[in-house]
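Chemist: my_file_25.cif is reproduced in full below (mmCIF, C-alpha atoms).
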```cif
data_protein
#
loop_
_atom_site.label_atom_id
_atom_site.label_comp_id
_atom_site.auth_asym_id
_atom_site.auth_seq_id
_atom_site.Cartn_x
_atom_site.Cartn_y
_atom_site.Cartn_z
CA MET A 798 -79.41 -178.02 -107.89
CA LEU A 799 -81.33 -174.84 -108.51
CA ALA A 800 -82.24 -173.75 -111.98
CA THR A 801 -79.93 -171.15 -113.45
CA LEU A 802 -81.32 -167.80 -114.41
CA ALA A 803 -80.62 -167.07 -118.07
CA THR A 804 -77.69 -164.67 -118.33
CA GLU A 805 -79.63 -162.19 -120.47
CA THR A 806 -82.59 -162.32 -118.11
CA GLU A 807 -80.37 -161.78 -115.08
CA ALA A 808 -78.52 -158.91 -116.75
CA GLY A 809 -81.85 -157.28 -117.61
CA LEU A 810 -83.14 -157.69 -114.07
CA ILE A 811 -79.94 -156.20 -112.66
CA ILE A 812 -80.21 -153.15 -114.93
CA LYS A 813 -83.85 -152.66 -113.97
CA SER A 814 -82.98 -153.06 -110.29
CA GLN A 815 -80.26 -150.45 -110.64
CA GLN A 816 -82.90 -148.13 -112.09
CA GLY A 817 -85.01 -148.62 -108.96
CA ASP A 818 -87.39 -151.34 -110.14
CA ARG A 819 -88.33 -153.30 -107.02
CA ASN A 820 -90.21 -156.01 -108.90
CA ALA A 821 -87.07 -156.82 -110.89
CA PHE A 822 -85.06 -156.93 -107.69
CA GLY A 823 -87.74 -159.17 -106.17
CA GLU A 824 -87.24 -161.59 -109.07
CA LEU A 825 -83.51 -161.72 -108.37
CA VAL A 826 -84.16 -162.27 -104.67
CA ARG A 827 -86.65 -165.02 -105.44
CA HIS A 828 -84.01 -166.79 -107.50
CA TYR A 829 -81.06 -166.41 -105.11
CA TYR A 830 -82.95 -166.59 -101.82
CA PRO A 831 -82.54 -170.38 -101.24
CA ARG A 832 -78.78 -170.38 -101.90
CA VAL A 833 -78.03 -167.21 -99.99
CA THR A 834 -80.18 -168.25 -97.03
CA HIS A 835 -78.57 -171.69 -97.02
CA VAL A 836 -75.09 -170.15 -96.73
CA ILE A 837 -76.28 -167.72 -94.05
CA TYR A 838 -77.96 -170.52 -92.11
CA ARG A 839 -74.73 -172.50 -92.07
CA MET A 840 -72.93 -169.41 -90.80
CA CYS A 841 -75.49 -168.71 -88.06
CA GLY A 842 -76.66 -172.23 -87.17
CA ASP A 843 -80.08 -170.89 -86.29
CA THR A 844 -83.18 -170.51 -88.46
CA ALA A 845 -84.53 -167.30 -86.98
CA LEU A 846 -81.11 -165.65 -87.01
CA ALA A 847 -80.54 -166.79 -90.58
CA GLU A 848 -83.85 -165.27 -91.70
CA ASP A 849 -82.97 -161.98 -90.02
CA ALA A 850 -79.52 -161.99 -91.61
CA ALA A 851 -81.01 -162.87 -95.02
CA GLN A 852 -83.40 -159.90 -94.80
CA GLU A 853 -80.47 -157.72 -93.79
CA ALA A 854 -78.33 -159.05 -96.64
CA PHE A 855 -80.92 -158.46 -99.36
CA LEU A 856 -81.72 -155.05 -97.93
CA ARG A 857 -78.03 -154.12 -98.20
CA ALA A 858 -77.93 -155.58 -101.69
CA TRP A 859 -80.83 -153.30 -102.69
CA LEU A 860 -79.18 -150.25 -101.17
CA HIS A 861 -75.90 -150.94 -103.00
CA ILE A 862 -77.17 -152.51 -106.22
CA SER A 863 -76.07 -149.38 -108.10
CA SER A 864 -72.45 -150.14 -107.17
CA PHE A 865 -72.66 -153.70 -108.53
CA ARG A 866 -70.33 -154.08 -111.51
CA ARG A 867 -72.15 -155.72 -114.40
CA GLY A 868 -70.32 -158.78 -115.63
CA GLU A 869 -69.32 -159.93 -112.15
CA PRO A 870 -71.32 -162.99 -110.99
CA LEU A 871 -74.25 -161.70 -108.94
CA ARG A 872 -74.19 -164.87 -106.83
CA ASN A 873 -70.67 -164.13 -105.57
CA TRP A 874 -71.55 -160.49 -104.87
CA LEU A 875 -74.59 -161.61 -102.87
CA TYR A 876 -72.52 -164.18 -100.99
CA ARG A 877 -70.07 -161.46 -99.96
CA ILE A 878 -72.93 -159.36 -98.55
CA ALA A 879 -74.54 -162.45 -97.00
CA VAL A 880 -71.38 -163.51 -95.15
CA ASN A 881 -70.92 -159.99 -93.77
CA ALA A 882 -74.59 -159.76 -92.76
CA ALA A 883 -74.42 -163.15 -91.04
CA LEU A 884 -71.29 -162.18 -89.12
CA ASP A 885 -72.88 -158.88 -88.08
CA VAL A 886 -76.03 -160.61 -86.85
CA LEU A 887 -73.94 -163.16 -84.97
CA ARG A 888 -71.88 -160.43 -83.32
CA ARG A 889 -75.04 -158.58 -82.28
CA ARG A 890 -76.46 -161.75 -80.73
CA ALA A 891 -73.16 -162.92 -79.26
CA GLU A 892 -74.39 -162.35 -75.72
CA GLU A 893 -77.68 -164.18 -76.24
CA PRO A 894 -77.98 -167.97 -75.82
CA ALA A 895 -78.19 -170.10 -78.97
CA ALA A 896 -81.72 -170.79 -80.11
CA ASP A 897 -83.32 -174.16 -80.84
CA GLU A 898 -81.30 -174.74 -83.94
CA THR A 899 -82.55 -178.19 -84.87
CA LEU A 900 -86.26 -177.82 -84.08
CA GLN A 901 -87.02 -176.36 -87.50
CA MET A 902 -85.06 -179.09 -89.25
CA ILE A 903 -86.76 -180.95 -92.05
CA PRO A 904 -86.86 -184.64 -90.98
CA GLU A 905 -85.29 -187.16 -93.32
CA PRO A 906 -88.06 -189.39 -94.69
CA GLY A 907 -87.94 -193.07 -93.73
CA LEU A 908 -86.00 -192.66 -90.49
CA GLY A 909 -87.17 -194.51 -87.39
CA PRO A 910 -87.48 -192.69 -84.04
CA GLU A 911 -84.07 -193.81 -82.79
CA ALA A 912 -82.32 -193.08 -86.07
CA ALA A 913 -84.05 -189.71 -86.22
CA LEU A 914 -82.78 -188.94 -82.72
CA ILE A 915 -79.22 -189.87 -83.63
CA GLU A 916 -79.52 -187.82 -86.80
CA LYS A 917 -80.74 -184.84 -84.78
CA GLU A 918 -77.89 -185.25 -82.33
CA ARG A 919 -75.39 -185.48 -85.16
CA VAL A 920 -76.67 -182.28 -86.73
CA THR A 921 -76.49 -180.47 -83.41
CA LEU A 922 -72.91 -181.61 -82.93
CA LEU A 923 -72.05 -180.55 -86.44
CA GLN A 924 -73.51 -177.09 -85.87
CA GLN A 925 -71.61 -176.78 -82.61
CA ALA A 926 -68.40 -177.87 -84.28
CA MET A 927 -68.98 -175.34 -87.06
CA ARG A 928 -69.63 -172.59 -84.54
CA SER A 929 -66.40 -173.44 -82.74
CA LEU A 930 -64.44 -172.50 -85.86
CA PRO A 931 -62.98 -169.00 -86.17
CA GLU A 932 -65.10 -166.72 -88.39
CA ALA A 933 -62.49 -166.54 -91.15
CA ALA A 934 -62.10 -170.30 -91.47
CA ARG A 935 -65.85 -170.91 -91.14
CA SER A 936 -66.65 -168.43 -93.92
CA ALA A 937 -64.22 -170.10 -96.32
CA LEU A 938 -65.49 -173.60 -95.50
CA ILE A 939 -69.16 -172.66 -95.85
CA LEU A 940 -68.60 -170.90 -99.16
CA ARG A 941 -66.86 -174.05 -100.39
CA GLU A 942 -69.22 -176.69 -99.02
CA TYR A 943 -72.58 -174.92 -99.25
CA GLY A 944 -71.90 -172.05 -101.63
CA GLU A 945 -70.14 -174.43 -104.02
CA LEU A 946 -67.58 -171.79 -104.96
CA SER A 947 -64.14 -172.50 -106.39
CA TYR A 948 -61.04 -171.39 -104.49
CA GLN A 949 -60.67 -168.49 -106.89
CA GLU A 950 -64.26 -167.39 -106.27
CA ILE A 951 -63.89 -167.69 -102.49
CA ALA A 952 -60.77 -165.54 -102.71
CA GLY A 953 -62.81 -162.95 -104.61
CA VAL A 954 -65.75 -163.02 -102.20
CA LEU A 955 -63.63 -162.79 -99.05
CA GLU A 956 -61.07 -160.50 -100.71
CA ILE A 957 -58.12 -162.63 -99.63
CA PRO A 958 -55.30 -164.34 -101.59
CA ILE A 959 -55.99 -167.84 -102.89
CA GLY A 960 -53.19 -169.22 -100.66
CA THR A 961 -55.07 -167.91 -97.63
CA VAL A 962 -58.24 -169.64 -98.85
CA MET A 963 -56.33 -172.94 -98.99
CA SER A 964 -54.83 -172.55 -95.54
CA ARG A 965 -58.17 -171.53 -94.01
CA LEU A 966 -59.95 -174.50 -95.58
CA SER A 967 -57.24 -176.85 -94.43
CA TYR A 968 -57.39 -175.47 -90.90
CA ALA A 969 -61.20 -175.62 -90.79
CA ARG A 970 -61.44 -179.21 -92.01
CA ASP A 971 -58.64 -180.42 -89.74
CA ARG A 972 -60.25 -178.77 -86.74
CA LEU A 973 -63.71 -180.09 -87.65
CA ARG A 974 -62.30 -183.56 -88.22
CA GLU A 975 -60.83 -183.64 -84.74
CA VAL A 976 -63.91 -182.21 -83.04
CA LEU A 977 -66.30 -184.49 -84.91
CA LYS A 978 -64.16 -187.54 -84.26
CA GLU A 979 -64.29 -186.96 -80.50
CA GLN A 980 -67.97 -186.04 -80.37
CA MET A 981 -69.16 -188.83 -82.67
CA LEU A 982 -67.39 -191.36 -80.51
CA LEU A 983 -69.23 -189.97 -77.50
CA VAL A 984 -72.62 -190.10 -79.22
CA GLU A 985 -72.06 -193.62 -80.46
CA SER A 986 -71.06 -194.79 -76.98
CA GLU A 987 -74.30 -193.30 -75.58
CA TYR A 988 -76.57 -195.07 -78.05
CA VAL A 989 -74.78 -198.44 -78.39
CA MET B 1329 -42.87 -186.06 -98.35
CA CYS B 1330 -46.17 -186.69 -96.48
CA GLU B 1331 -46.25 -183.16 -95.00
CA ASP B 1332 -45.87 -181.69 -98.46
CA MET B 1333 -48.65 -183.89 -99.84
CA ARG B 1334 -50.97 -183.27 -96.90
CA ALA B 1335 -50.92 -179.57 -97.72
CA SER B 1336 -52.45 -180.47 -101.08
CA LEU B 1337 -55.05 -183.00 -99.93
CA ASN B 1338 -57.82 -180.42 -99.47
CA ALA B 1339 -57.18 -178.96 -102.89
CA TYR B 1340 -57.16 -182.49 -104.33
CA LEU B 1341 -60.45 -183.29 -102.59
CA ASP B 1342 -62.02 -180.11 -103.94
CA GLY B 1343 -60.86 -180.79 -107.50
CA GLU B 1344 -58.59 -177.75 -107.47
CA LEU B 1345 -55.40 -179.56 -108.46
CA HIS B 1346 -54.38 -179.90 -112.07
CA GLY B 1347 -51.56 -181.21 -114.21
CA ARG B 1348 -48.31 -182.38 -112.70
CA ARG B 1349 -49.29 -181.58 -109.09
CA MET B 1350 -52.42 -183.76 -109.32
CA VAL B 1351 -50.40 -186.67 -110.75
CA ASP B 1352 -47.86 -186.34 -107.92
CA VAL B 1353 -50.60 -186.43 -105.27
CA GLU B 1354 -52.30 -189.42 -106.90
CA ASN B 1355 -49.01 -191.32 -107.08
CA HIS B 1356 -48.31 -190.55 -103.45
CA LEU B 1357 -51.81 -191.62 -102.35
CA ALA B 1358 -51.38 -194.92 -104.15
CA ALA B 1359 -48.27 -195.59 -102.08
CA CYS B 1360 -49.11 -193.99 -98.69
CA ALA B 1361 -51.80 -195.50 -96.45
CA ALA B 1362 -51.62 -192.65 -93.88
CA CYS B 1363 -52.38 -190.00 -96.48
CA ARG B 1364 -55.15 -192.19 -97.98
CA ASN B 1365 -56.66 -192.41 -94.51
CA GLU B 1366 -56.41 -188.68 -94.01
CA LEU B 1367 -58.04 -188.03 -97.37
CA GLN B 1368 -60.84 -190.40 -96.40
CA GLU B 1369 -61.41 -188.50 -93.16
CA LEU B 1370 -61.48 -185.20 -94.98
CA GLN B 1371 -63.97 -186.69 -97.42
CA THR B 1372 -66.14 -187.83 -94.49
CA VAL B 1373 -66.14 -184.35 -92.98
CA SER B 1374 -67.14 -182.90 -96.32
CA ASP B 1375 -69.87 -185.53 -96.82
CA LEU B 1376 -71.24 -184.95 -93.32
CA LEU B 1377 -71.38 -181.21 -93.86
CA ARG B 1378 -73.17 -181.56 -97.15
CA ALA B 1379 -75.54 -184.21 -95.86
CA ALA B 1380 -76.67 -182.10 -92.91
CA PRO B 1381 -80.40 -181.52 -93.38
CA ALA B 1382 -81.50 -178.08 -94.43
CA ALA B 1383 -83.66 -175.96 -92.16
CA ALA B 1384 -87.23 -175.04 -93.06
CA PHE B 1385 -87.32 -171.41 -94.12
CA LEU B 1386 -90.07 -169.09 -95.19
CA PRO B 1387 -91.32 -169.78 -98.70
CA ALA B 1388 -89.55 -167.55 -101.23
CA GLU B 1389 -92.75 -165.68 -102.12
CA ARG B 1390 -93.40 -164.75 -98.51
CA PHE B 1391 -89.79 -163.77 -97.93
CA VAL B 1392 -89.81 -161.51 -100.99
CA ALA B 1393 -93.12 -159.93 -99.93
CA GLN B 1394 -91.69 -159.16 -96.47
CA LEU B 1395 -88.50 -157.81 -98.00
CA ILE B 1396 -90.39 -155.50 -100.37
CA LEU B 1397 -92.30 -154.10 -97.37
CA ARG B 1398 -88.98 -153.39 -95.65
CA LEU B 1399 -87.60 -151.82 -98.83
CA ASN B 1400 -90.61 -149.51 -98.98
CA ALA B 1401 -90.09 -148.46 -95.37
CA GLN B 1402 -86.34 -148.05 -95.88
CA ASP B 1403 -86.74 -146.10 -99.10
CA THR B 1404 -89.25 -143.77 -97.51
CA ALA B 1405 -86.74 -143.04 -94.79
CA LEU B 1406 -83.82 -142.63 -97.20
CA GLN B 1407 -85.83 -141.03 -100.03
CA LEU B 1408 -84.67 -143.69 -102.49
CA PRO B 1409 -86.48 -144.18 -105.82
CA ARG B 1410 -89.83 -145.97 -105.53
CA ARG B 1411 -90.23 -146.60 -109.23
CA PRO B 1412 -87.93 -146.72 -112.26
CA LEU B 1413 -86.01 -143.49 -112.71
CA ARG B 1414 -86.94 -143.25 -116.36
CA ASP B 1415 -90.67 -143.05 -115.45
CA ARG B 1416 -90.22 -140.17 -113.08
CA PRO B 1417 -90.58 -136.59 -114.29
CA PRO B 1418 -87.45 -134.57 -113.60
CA LYS B 1419 -87.66 -132.55 -110.39
CA PRO B 1420 -87.76 -128.80 -111.12
CA ALA B 1421 -85.38 -128.15 -108.18
CA ALA B 1422 -82.78 -130.45 -109.74
CA TRP B 1423 -82.15 -128.20 -112.75
CA ALA B 1424 -83.40 -124.92 -111.28
CA GLY B 1425 -80.37 -124.89 -108.99
CA TRP B 1426 -78.09 -124.74 -112.02
CA LEU B 1427 -79.83 -121.61 -113.27
CA VAL B 1428 -78.01 -119.64 -110.56
CA PRO B 1429 -74.42 -120.23 -111.78
CA ALA B 1430 -75.56 -120.07 -115.40
CA GLY B 1431 -77.24 -116.70 -114.74
CA LEU B 1432 -74.19 -115.40 -112.89
CA LEU B 1433 -71.87 -116.43 -115.70
CA GLY B 1434 -74.23 -114.76 -118.18
CA ALA B 1435 -74.23 -111.60 -116.08
CA TRP B 1436 -70.43 -111.61 -115.92
CA PHE B 1437 -70.13 -111.93 -119.69
CA PHE B 1438 -72.69 -109.13 -120.12
CA ILE B 1439 -70.79 -106.81 -117.80
CA ARG B 1440 -67.46 -107.59 -119.46
CA THR B 1441 -68.91 -106.97 -122.92
CA ILE B 1442 -70.59 -103.70 -121.93
CA PHE B 1443 -67.44 -102.33 -120.31
CA MET B 1444 -65.20 -103.41 -123.14
CA LEU B 1445 -67.52 -101.67 -125.61
CA THR B 1446 -67.64 -98.58 -123.41
CA THR B 1447 -63.86 -98.55 -123.12
CA ALA B 1448 -63.51 -98.85 -126.88
CA LEU B 1449 -66.01 -96.04 -127.45
CA PHE B 1450 -64.33 -93.67 -125.02
CA ALA B 1451 -60.88 -94.53 -126.35
CA ALA B 1452 -62.14 -93.81 -129.86
CA ASP B 1453 -63.66 -90.54 -128.64
CA ALA B 1454 -60.45 -89.51 -126.88
CA THR B 1455 -58.43 -90.04 -130.03
CA GLY B 1456 -60.99 -88.10 -132.09
CA LEU B 1457 -62.02 -91.06 -134.21
CA LEU B 1458 -65.70 -90.47 -133.54
CA GLY B 1459 -65.58 -86.75 -134.39
CA GLN B 1460 -68.83 -84.90 -133.65
CA ALA B 1461 -70.72 -88.16 -133.43
CA SER B 1462 -69.50 -88.57 -129.85
CA ALA B 1463 -71.19 -85.44 -128.62
CA TRP B 1464 -73.81 -87.51 -126.78
CA LEU B 1465 -71.02 -89.17 -124.76
CA THR B 1466 -69.73 -85.94 -123.31
CA GLY B 1467 -72.84 -85.55 -121.16
CA SER B 1468 -71.62 -88.29 -118.87
CA GLN B 1469 -68.42 -87.90 -116.94
CA PRO B 1470 -67.53 -91.37 -115.62
CA GLN B 1471 -64.10 -90.17 -114.46
CA ALA B 1472 -65.69 -87.39 -112.45
CA LEU B 1473 -68.20 -89.84 -110.94
CA TRP B 1474 -65.41 -92.21 -110.02
CA TYR B 1475 -63.39 -89.31 -108.53
CA MET B 1476 -66.43 -88.25 -106.45
CA ALA B 1477 -66.93 -91.81 -105.21
CA VAL B 1478 -63.33 -92.04 -103.99
CA ASN B 1479 -63.50 -88.54 -102.57
CA SER B 1480 -66.60 -89.39 -100.51
CA LEU B 1481 -64.87 -92.61 -99.37
CA PHE B 1482 -62.20 -90.43 -97.77
CA GLY B 1483 -64.85 -88.15 -96.27
CA GLY B 1484 -64.23 -85.37 -98.80
CA GLN B 1485 -60.74 -84.84 -97.43
CA VAL B 1486 -58.65 -85.87 -100.40
CA SER B 1487 -55.05 -84.68 -99.93
CA ALA B 1488 -52.87 -83.18 -102.68
CA ALA B 1489 -50.94 -86.41 -103.04
CA GLN B 1490 -54.17 -88.37 -103.29
CA GLN B 1491 -55.50 -85.89 -105.83
CA SER B 1492 -52.49 -86.34 -108.02
CA THR B 1493 -52.85 -90.15 -107.66
CA LEU B 1494 -56.51 -89.91 -108.63
CA SER B 1495 -55.55 -87.70 -111.51
CA LEU B 1496 -53.13 -90.36 -112.65
CA PHE B 1497 -55.89 -92.97 -112.34
CA ASN B 1498 -58.17 -90.76 -114.33
CA GLN B 1499 -55.57 -90.58 -117.05
CA VAL B 1500 -55.36 -94.31 -117.01
CA ASN B 1501 -59.11 -94.45 -116.96
CA VAL B 1502 -59.21 -92.79 -120.37
CA LEU B 1503 -58.16 -96.17 -121.75
CA GLY B 1504 -60.16 -98.20 -119.22
CA GLU B 1505 -63.45 -96.42 -118.93
CA ASN B 1506 -65.53 -97.11 -115.80
CA LEU B 1507 -62.69 -99.15 -114.32
CA PHE B 1508 -64.01 -98.86 -110.79
CA ASN B 1509 -67.59 -99.78 -111.63
CA GLY B 1510 -66.41 -102.60 -113.83
CA PHE B 1511 -64.34 -104.03 -111.03
CA LEU B 1512 -67.16 -103.57 -108.51
CA TRP B 1513 -69.79 -105.34 -110.60
CA GLN B 1514 -67.50 -108.19 -111.47
CA ALA B 1515 -66.51 -108.61 -107.83
CA VAL B 1516 -70.19 -108.84 -106.88
CA VAL B 1517 -70.81 -111.50 -109.52
CA VAL B 1518 -67.73 -113.49 -108.48
CA LEU B 1519 -68.73 -113.34 -104.81
CA LEU B 1520 -72.26 -114.53 -105.62
CA TYR B 1521 -70.82 -117.37 -107.72
CA TRP B 1522 -68.49 -118.45 -104.92
CA GLY B 1523 -71.40 -118.31 -102.49
CA TRP B 1524 -73.45 -120.59 -104.70
CA LEU B 1525 -70.47 -122.93 -105.12
CA ALA B 1526 -70.00 -123.15 -101.33
CA ALA B 1527 -73.72 -123.83 -100.78
CA TRP B 1528 -73.69 -126.54 -103.47
CA TRP B 1529 -70.62 -128.21 -101.94
CA LEU B 1530 -72.07 -128.14 -98.41
CA ARG B 1531 -75.30 -129.74 -99.62
CA ARG B 1532 -73.43 -132.41 -101.57
CA ALA B 1533 -70.75 -133.38 -98.99
CA PRO B 1534 -72.97 -135.01 -96.29
CA ARG B 1535 -74.67 -137.25 -98.92
CA SER B 1536 -71.38 -138.62 -100.26
CA MET B 1537 -70.17 -139.26 -96.69
CA LYS B 1538 -73.38 -141.18 -95.95
CA VAL B 1539 -72.95 -143.42 -99.01
CA THR B 1540 -69.30 -144.08 -98.14
CA ALA B 1541 -70.23 -145.05 -94.61
CA ALA B 1542 -72.98 -147.38 -95.82
CA THR B 1543 -70.67 -149.01 -98.35
CA ALA B 1544 -68.02 -149.57 -95.73
CA GLN B 1545 -70.58 -151.16 -93.45
CA SER B 1546 -71.57 -153.72 -96.06
#
```
As structure tokens - that is how I would like this structure written.
Modeler:
Amino acid sequence: MLATLATETEAGLIIKSQQGDRNAFGELVRHYYPRVTHVIYRMCGDTALAEDAAQEAFLRAWLHISSFRRGEPLRNWLYRIAVNAALDVLRRRAEEPAADETLQMIPEPGLGPEAALIEKERVTLLQQAMRSLPEAARSALILREYGELSYQEIAGVLEIPIGTVMSRLSYARDRLREVLKEQMLLVESEYV
Amino acid sequence: MCEDMRASLNAYLDGELHGRRMVDVENHLAACAACRNELQELQTVSDLLRAAPAAAFLPAERFVAQLILRLNAQDTALQLPRRPLRDRPPKPAAWAGWLVPAGLLGAWFFIRTIFMLTTALFAADATGLLGQASAWLTGSQPQALWYMAVNSLFGGQVSAAQQSTLSLFNQVNVLGENLFNGFLWQAVVVLLYWGWLAAWWLRRAPRSMKVTAATAQS
């Protein structure tokens, strides 16, 4: 879990950023970069795309920081921009083939070659299953699983009713459960 | 019963159920193997998602450095602030533009005051309140000047009916000295003010449209 930025410090940095102080904004980016990029990466499923979308997201955040309402959680505001940036980047690259999404993966320590291969395969399948979800359901699931937001917060970020958040999450997990069940069985039969 | 409970399993898994609803779901799970199995599968999906290894990204310092470079380039293009606003000296053009309407308003008040004073003076003179002290006023004949201006407007061919109308205006003009000039000067000031207002609005409108478009995009 990442360290939390003191509320007073964050508020001060936001005010300075709104006054045009890039160093203050850089501090905020430094703090939120891992979380925001993590969410974007899960949306895109590709490291290079995720980095592009993260740059795009923070650039948009800088351009609109003056419209940020003080008192609202900055994390949620950044997530909203990040999800939109990720979707935009994905739409722009929709025609291009998916990149090598697992090559940049950090290997789990202590795994043997065969276990590492299975792990890599599992991650690839998971990414594929995630990509097969509709954008709306994927956004809700990622904000829940990787953004660690409550239903109320997801509703705020995606600007949808809380009932819609629940139905989208339910749909996403059910769909993922079915896809993973089929694909895992296939993988296991290949390696057993 | 199971269908109703299944709708709440995700919320239960995510710790979003409270009170009576949570107790109901827990009681049902204790009695229903199918729902327990479904909850287990949902838990597995969630665990798998969370356990998926993270990708290796640029170190934060490098990412921020790259971002700042992009911000510099972007701000140069958009003319956004490069340093805190409070450190920047105010641009002369920012307040100089407001001198125009302020000056026009000042001019309008000046004209109004001058003509009101003139009207009062001539009204006082006409009623004999100023006595001999108004001798210096008699040198100027504003009514005659106004009559000549209208006469030349009609090419010096003022008809009898027009003459009587002008005469009537002149009578009126005893109480409203320099009515024509007063109206003319004020009209000029008002037109200049409207011109400035239109120019200000045209300069402002594209910027607000740009911001709205950018906000909508994000």
Chemist: Please measure the separation of CA of Ala1448 in chain B and CA of Pro1429 in chain B, giving the value in Å to one decimal.
Modeler: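 One can read the CA of Ala1448 in chain B to CA of Pro1429 in chain B distance as 28.4 Å.
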Chemist: When you look at Val1392 in chain B with a cut-off of 10 Å (counting only C-alpha atoms), what residues show up, excluding the ones that are within fewer than 5 positions of it in the same chain? I need them as a tab-separated table (two decimals) with C-alpha atoms, in the coordinates of the input.
Modeler:
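Saved result, selection_20.tsv, follows:
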```tsv
chain	number	residue	atom	x	y	z
A	820	ASN	CA	-90.21	-156.01	-108.90
A	822	PHE	CA	-85.06	-156.93	-107.69
A	823	GLY	CA	-87.74	-159.17	-106.17
A	824	GLU	CA	-87.24	-161.59	-109.07
A	825	LEU	CA	-83.51	-161.72	-108.37
A	826	VAL	CA	-84.16	-162.27	-104.67
A	827	ARG	CA	-86.65	-165.02	-105.44
A	830	TYR	CA	-82.95	-166.59	-101.82
A	852	GLN	CA	-83.40	-159.90	-94.80
A	855	PHE	CA	-80.92	-158.46	-99.36
B	1386	LEU	CA	-90.07	-169.09	-95.19
B	1387	PRO	CA	-91.32	-169.78	-98.70
B	1397	LEU	CA	-92.30	-154.10	-97.37
B	1398	ARG	CA	-88.98	-153.39	-95.65
```
Chemist: Spell out the residues picked by the PyMOL selection byres ((chain A and resi 880) around 12) here, as a PyMOL selection string.
Modeler: (chain A and resi 833-841+847+850-851+853-855+857+873-879+881-887+932-933+935-940+944+951+954-955) or (chain B and resi 1546)
Chemist: Between B:Met1333, B:Val1353, B:Leu1376, B:Leu1427, which is the closest to chain A once you count only C-alpha atoms?
Modeler: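 For chain A, the nearest of the candidates is B:Leu1376.
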Chemist: Adding 3 Å on each side of the box along x, y and z that holds all listed atoms of range 955-960 of chain A, could you give its centre and edge lengths in Å to one decimal, as lines of an AutoDock Vina configuration file?
Modeler:
```
center_x = -58.4
center_y = -164.9
center_z = -101.0
size_x = 16.4
size_y = 14.7
size_z = 9.8
```
